[in-house]
Every structure is written in C-alpha cells, then in structure tokens.
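**Q** Please find one structure pasted underneath; my questions will follow.
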Amino acid sequence: MSGELSFGLADLQREAAAGRKLPPVELVNPTQCGDIDIRIARDGTWFHQGTPVGRKELVRLFSTILRKDGADYVLVTPAEKMRIRVEDVPFMAVL
C-alpha cells in the first residue's frame with residue numbers, strides 16, 4: 001500500500017501480517033452498501049451467520065476495515081461498504 005487508496009482483502013492481510021499501519025478507510029466512500037450477517041458480541045467475539053469466526057487472522061483483518069458511520073458500524077473497502085451489528089460500543093483507553 002504505497003500511498004494508494006486502492007486495497008483489497010489480500011493486500012490488507014499482507015499489510016496486517018507485516019505489522020504495517022491501518023488502511024485509510026476514512027478516505028474512501030464506496031457507493032455499494034448493504035448489510036452483511038456479521039456481529040460483534042459484547043465480549044468482542046466476531047460472528048458470521050451466527051457462527052463464531054475462529055480464524056484470528058480474519059478477525060484482525062476485518063477489524064482493520066471497521067468504521068463507524070453515524071449510528072452504523074461498517075466494513076469498508078474501496079469497492080463496498082457493508083453494515084454489521086455491534087452489540088456494545090467500543091471503548092478507547094487513554095494513557
């Protein structure tokens with residue numbers, strides 16, 4: 001990701017594995033939008049179609065493309081923006 005706004009899931013996975021910075025999801029606003037059956041439970045467990053996502057790498061990847069748009073939480077790529085459900089609000093630790 002050499003300063004470009006174009007990134008795909010494979011690119012994101014390579015970037016995350018290499019410990020590089022997060023993708024610039026705040027800079028993209030794709031037109032495709034909808035809902036996807038992904039839920040983040042109160043305890044932080046990610047579910048897809050009611051089943052816990054067992055691959056930590058996939059959860060880490062999804063977490064890098066998660067964004068809050070108004071009252072909605074969405075997974076964002078340059079091609080699409082999909083709304084997910086979050087059971088509890090995230091918190092930020094300030095040191």
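For the structure tokens, the naming scheme is as follows: chains receive sequential letters (A, B, ...) according to their order of presentation, residues are indexed from 1 within each chain, and ligands are indexed from 1 in presentation order.
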Near segment 82-86 of chain A, counting only C-alpha atoms, which residues have an atom at most 7 Å away, once you skip same-chain residues fewer than 6 positions from it, shown as a list in words?

**A**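 Neighbouring residues, sequence-local ones excluded: Cys33, Gly34, Asp35, Ile36, Asp37, Ile38, Arg39, Ile40, Ala41, Asp72, Tyr73, Val74, Leu75 and Val76 of chain A.
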
**Q** Find the residues around Gln32 of chain A up to 10 Å (only C-alpha atoms counted), leave out those fewer than 6 positions away in its own chain, and share them as a PyMOL selection string.

**A** chain A and resi 76-82

**Q** Those residues you just picked out, can you put them in a file as a compact mmCIF listing (two decimals), in the first residue's frame with N, CA, C and O atoms?

**A**
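So the final result, stored in selection-v2.txt, reads:
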# COMPACT_ATOMS: atom_id res chain seq x y z
N VAL A 76 -15.38 -1.51 5.39
CA VAL A 76 -15.19 -0.66 4.22
C VAL A 76 -13.99 -1.12 3.40
O VAL A 76 -12.91 -1.33 3.93
N THR A 77 -14.22 -1.28 2.10
CA THR A 77 -13.15 -1.45 1.12
C THR A 77 -13.43 -0.41 0.04
O THR A 77 -14.51 0.19 0.02
N PRO A 78 -12.52 -0.18 -0.88
CA PRO A 78 -12.82 0.78 -1.95
C PRO A 78 -14.04 0.38 -2.79
O PRO A 78 -14.69 1.23 -3.37
N ALA A 79 -14.37 -0.91 -2.83
CA ALA A 79 -15.47 -1.38 -3.67
C ALA A 79 -16.82 -1.41 -2.96
O ALA A 79 -17.85 -1.31 -3.60
N GLU A 80 -16.82 -1.58 -1.63
CA GLU A 80 -18.10 -1.73 -0.95
C GLU A 80 -18.03 -1.31 0.51
O GLU A 80 -16.96 -1.25 1.10
N LYS A 81 -19.20 -1.05 1.04
CA LYS A 81 -19.35 -0.69 2.45
C LYS A 81 -20.52 -1.52 2.95
O LYS A 81 -21.64 -1.38 2.47
N MET A 82 -20.26 -2.42 3.91
CA MET A 82 -21.28 -3.33 4.40
C MET A 82 -21.52 -3.09 5.89
O MET A 82 -20.59 -3.11 6.69

**Q** Would you mind reading off the distance between atom CA of Arg42 of chain A and atom CA of Ala18 of chain A, one decimal, in Å?

**A** 28.8 Å
